[in-house]
Structure formats: structure tokens, C-alpha cells
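As stored in work_25.txt (compact mmCIF, C-alpha atoms):
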# COMPACT_ATOMS: atom_id res chain seq x y z
CA MET A 1 154.38 107.32 45.56
CA LYS A 2 152.01 110.18 44.81
CA ILE A 3 153.44 110.37 41.31
CA LEU A 4 152.65 106.70 40.71
CA GLY A 5 149.15 107.22 42.07
CA ALA A 6 148.58 110.14 39.72
CA PHE A 7 149.88 108.11 36.79
CA PHE A 8 147.46 105.21 37.34
CA ILE A 9 144.31 107.23 38.13
CA PRO A 10 143.07 107.43 34.48
CA TYR A 11 143.35 103.63 34.16
CA GLN A 12 141.28 102.57 37.18
CA LYS A 13 139.53 99.71 35.38
CA ASN A 14 142.74 97.74 35.41
CA PHE A 15 143.04 95.34 38.38
CA LEU A 16 146.71 96.08 38.79
CA THR A 17 145.90 99.78 39.00
CA ILE A 18 143.33 99.21 41.73
CA PHE A 19 145.77 96.99 43.57
CA LEU A 20 148.53 99.60 43.35
CA MET A 21 146.11 102.34 44.41
CA SER A 22 145.24 100.36 47.53
CA ILE A 23 148.95 99.99 48.30
CA ILE A 24 149.47 103.73 47.76
CA ILE A 25 146.53 104.55 50.03
CA MET A 26 147.84 102.21 52.71
CA GLY A 27 151.29 103.69 52.25
CA THR A 28 150.01 107.19 53.00
CA ARG A 29 148.48 105.85 56.26
CA ARG A 30 145.12 107.46 55.82
CA ASN A 31 142.38 105.90 57.88
CA TYR A 32 139.49 104.92 55.63
CA MET A 33 138.00 102.44 58.10
CA GLY A 34 136.31 105.20 60.07
CA ILE A 35 134.09 106.26 57.17
CA ILE A 36 130.56 104.88 57.48
CA LEU A 37 128.67 104.44 54.27
CA GLU A 38 124.91 104.69 54.63
CA PHE A 39 122.96 102.51 52.30
CA PRO A 40 119.66 103.79 50.98
CA HIS A 41 116.67 102.60 53.01
CA LYS A 42 114.24 100.26 51.37
CA GLU A 43 110.82 101.67 50.86
CA ARG A 44 108.69 100.86 53.82
CA ARG A 45 105.86 98.54 53.09
CA ASN A 46 102.54 99.92 53.98
CA GLN A 47 100.30 98.40 56.60
CA ILE A 48 97.71 96.98 54.18
CA GLU A 49 100.31 94.98 52.21
CA VAL A 50 101.75 93.49 55.39
CA GLU A 51 98.29 92.58 56.71
CA LYS A 52 97.41 90.88 53.42
CA GLU A 53 100.61 88.86 53.53
CA ILE A 54 100.02 87.86 57.16
CA TYR A 55 96.45 86.68 56.45
CA ASN A 56 97.65 84.85 53.33
CA LEU A 57 100.34 82.99 55.28
CA ALA A 58 97.90 82.26 58.11
CA GLY A 59 95.56 80.62 55.59
CA HIS A 60 98.38 78.48 54.22
CA LEU A 61 99.43 77.48 57.75
CA LYS A 62 95.84 76.50 58.58
CA ASP A 63 95.71 74.30 55.47
CA LEU A 64 99.02 72.65 56.38
CA TYR A 65 97.98 71.94 59.97
CA ASP A 66 94.62 70.56 58.78
CA ALA A 67 96.48 68.22 56.42
CA ILE A 68 98.79 67.12 59.26
CA ARG A 69 95.75 66.36 61.47
CA LYS A 70 94.15 64.29 58.70
CA VAL A 71 97.36 62.30 58.23
CA GLU A 72 97.63 61.68 61.98
CA LEU A 73 94.01 60.48 62.14
CA GLY A 74 94.60 58.20 59.18
CA GLN A 75 97.74 56.84 60.80
CA GLU A 76 95.87 56.09 64.03
CA GLN A 77 93.14 54.29 62.08
CA LEU A 78 95.76 52.23 60.23
CA LYS A 79 97.47 51.30 63.51
CA LYS A 80 94.16 50.17 65.00
CA GLN A 81 93.34 48.18 61.88
CA ALA A 82 96.80 46.54 61.92
CA CYS A 83 96.41 45.61 65.62
CA ASP A 84 93.01 44.06 64.96
CA MET A 85 94.36 42.08 61.99
CA GLU A 86 97.35 40.95 64.01
CA ASP A 87 95.09 39.64 66.78
CA THR A 88 93.04 37.72 64.21
CA TYR A 89 96.25 36.41 62.62
CA GLN A 90 97.53 35.14 65.98
CA THR A 91 94.24 33.36 66.64
CA LEU A 92 94.23 31.74 63.19
CA ILE A 93 97.87 30.63 63.39
CA GLN A 94 97.16 28.98 66.75
CA LEU A 95 94.12 27.24 65.27
CA TYR A 96 96.21 26.09 62.30
CA GLY A 97 98.85 24.74 64.71
CA GLU A 98 96.16 22.73 66.53
CA ILE A 99 94.92 21.28 63.23
CA VAL A 100 98.24 20.26 61.61
CA GLY A 101 100.39 20.13 64.73
CA ASN A 102 102.67 22.91 66.01
CA GLU A 103 105.77 21.28 64.54
CA ASN A 104 104.19 21.21 61.06
CA VAL A 105 103.46 24.94 60.75
CA PRO A 106 105.54 26.25 57.81
CA ALA A 107 108.20 28.83 58.67
CA ASP A 108 106.86 31.37 56.13
CA MET A 109 103.57 31.49 58.06
CA LEU A 110 105.47 32.46 61.21
CA GLU A 111 106.62 35.83 59.88
CA TYR A 112 103.95 37.75 61.81
CA ALA A 113 103.37 35.19 64.56
CA ILE A 114 104.41 36.17 68.06
CA PHE A 115 104.77 32.61 69.41
CA VAL A 116 107.93 31.66 67.53
CA GLY A 117 110.89 29.84 68.94
CA MET A 118 114.34 29.53 67.47
CA THR A 119 116.93 26.94 68.42
CA ARG A 120 120.45 26.50 67.14
CA ASP A 121 122.19 23.16 67.00
CA PRO A 122 125.63 23.74 68.55
CA LYS A 123 127.28 21.01 66.46
CA THR A 124 125.97 21.91 63.00
CA GLY A 125 125.00 25.54 63.57
CA LYS A 126 121.62 24.89 61.94
CA ILE A 127 118.82 27.17 63.15
CA THR A 128 115.39 25.63 63.61
CA ILE A 129 112.32 27.86 63.72
CA THR A 130 109.29 26.42 65.51
CA PHE A 131 105.81 27.51 66.45
CA GLU A 132 105.32 27.47 70.23
CA PRO A 133 101.87 28.70 71.20
CA PRO A 134 101.05 29.40 74.83
CA PRO A 135 99.41 26.62 76.78
CA PRO A 136 95.59 26.66 76.71
CA ASP A 137 93.83 28.52 79.53
CA GLY A 138 93.74 26.52 82.73
CA ALA A 139 96.77 24.39 81.87
CA ALA A 140 99.97 25.43 83.55

Once more with this new file: its structure as C-alpha cells, please.
Amino acid sequence: MKILGAFFIPYQKNFLTIFLMSIIIMGTRRNYMGIILEFPHKERRNQIEVEKEIYNLAGHLKDLYDAIRKVELGQEQLKKQACDMEDTYQTLIQLYGEIVGNENVPADMLEYAIFVGMTRDPKTGKITITFEPPPPDGAA
């Protein structure tokens, strides 16, 4: 085996040679796992560079959190505006039902209404959508 190893040493760029060398090394039962290779240490960054990077990232984080707060405030304002519009919509749809009659309110107007009833005819399977407002105050 040592003769084969000596023969292939000049041709180490060849994959087969490297493969055979590893077999020869394993065949001689030498323990190469115990060798620890130390990698060169990276240059240590100095304190000023690290401080600059920390302050830079802190500034970016502040900007991001400020943007998140603005979005949250905008979202809250939109929710409040939507609730107010919905209340007005419910009042108007009830008024419209009083004017034309609850059974005459078109189904496309009921998309955002909360007083909607649905019935299904068991024989035909037809679904009927109706407007069913609550009774006026005082009437039970």
C-alpha cells in the first residue's frame, strides 16, 4: 500500500488519487480525527465602529416603530369612521324600509344591513332575503 501511495503523490489533483490516498491513510489506521485545526481569528472590530453601528441600527428601529405607531393610529381612525358610517347606514336603511315597506327593500341594499333575514322554501329550495328591522321603541 505504501508503494501505491508513493506512486500517486505527484498527481494529487486527480480525484481518484485523493480517493485512493484516503483509502491508504485509513488502511494504515492513523488517527487524523484528533488533530485540531485552528482557524485564523477575524480582526476584532474596535469599539467606535461597533458603537456607530449600534446607534445606526437604533435610529432605524426608532423609524420603524414610529411608522408602526402611525399605521396603528390610522387603522384606529379608519375603524371609528367605518363604525360611524355603519350606524348611519343602519339608520338610513331602516328609514328607507319605512318609506317603501320592509318587503320592498332591494337585496343589494342589504349587503351591509344588520337586520336581514333569510328563509328557505323546503319544497323549492329557493332562498328569500328580507329586511327585518327591530320593532320601534316601546312596541314589544

Practice task
Quick one: pull the distance between atom CA of Val105 of chain A and atom CA of Ile93 of chain A, Å, one decimal.
Solution key: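 Going from atom CA of Val105 of chain A over to atom CA of Ile93 of chain A covers 8.4 Å.
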
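Picture a line from atom CA of Leu110 of chain A to atom CA of Ile127 of chain A; it runs 14.5 Å.
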
Around segment 95-113 of chain A, fit a box with edges along x, y and z, padding it by 4 Å on each side, then list its centre and edge lengths in Å to one decimal as JSON.
{"center_x": 101.2, "center_y": 28.9, "center_z": 61.3, "size_x": 22.1, "size_y": 25.6, "size_z": 18.4}

Problem - Nearest residue to Gln90 of chain A from the set A:Asn46, A:Lys126, A:Ala113, A:Lys70 (distances using all atoms listed in the file) - result: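 Looking only at the distances to Gln90 of chain A, the closest residue turns out to be A:Ala113.
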
Exercise for the section: Measure the distance from atom CA of Thr88 of chain A to atom CA of Pro136 of chain A in Å and round it to one decimal. Expected result: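 Interatomic distance here is 16.9 Å.
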
Practice task
Could you tell me which of A:Asp66, A:Met85, A:Ala58, A:Gly117 comes closest to Asn102 of chain A if we count all atoms listed in the file?
Solution key: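 Going through A:Asp66, A:Met85, A:Ala58, A:Gly117 one by one, the smallest distance to Asn102 of chain A is for A:Gly117.
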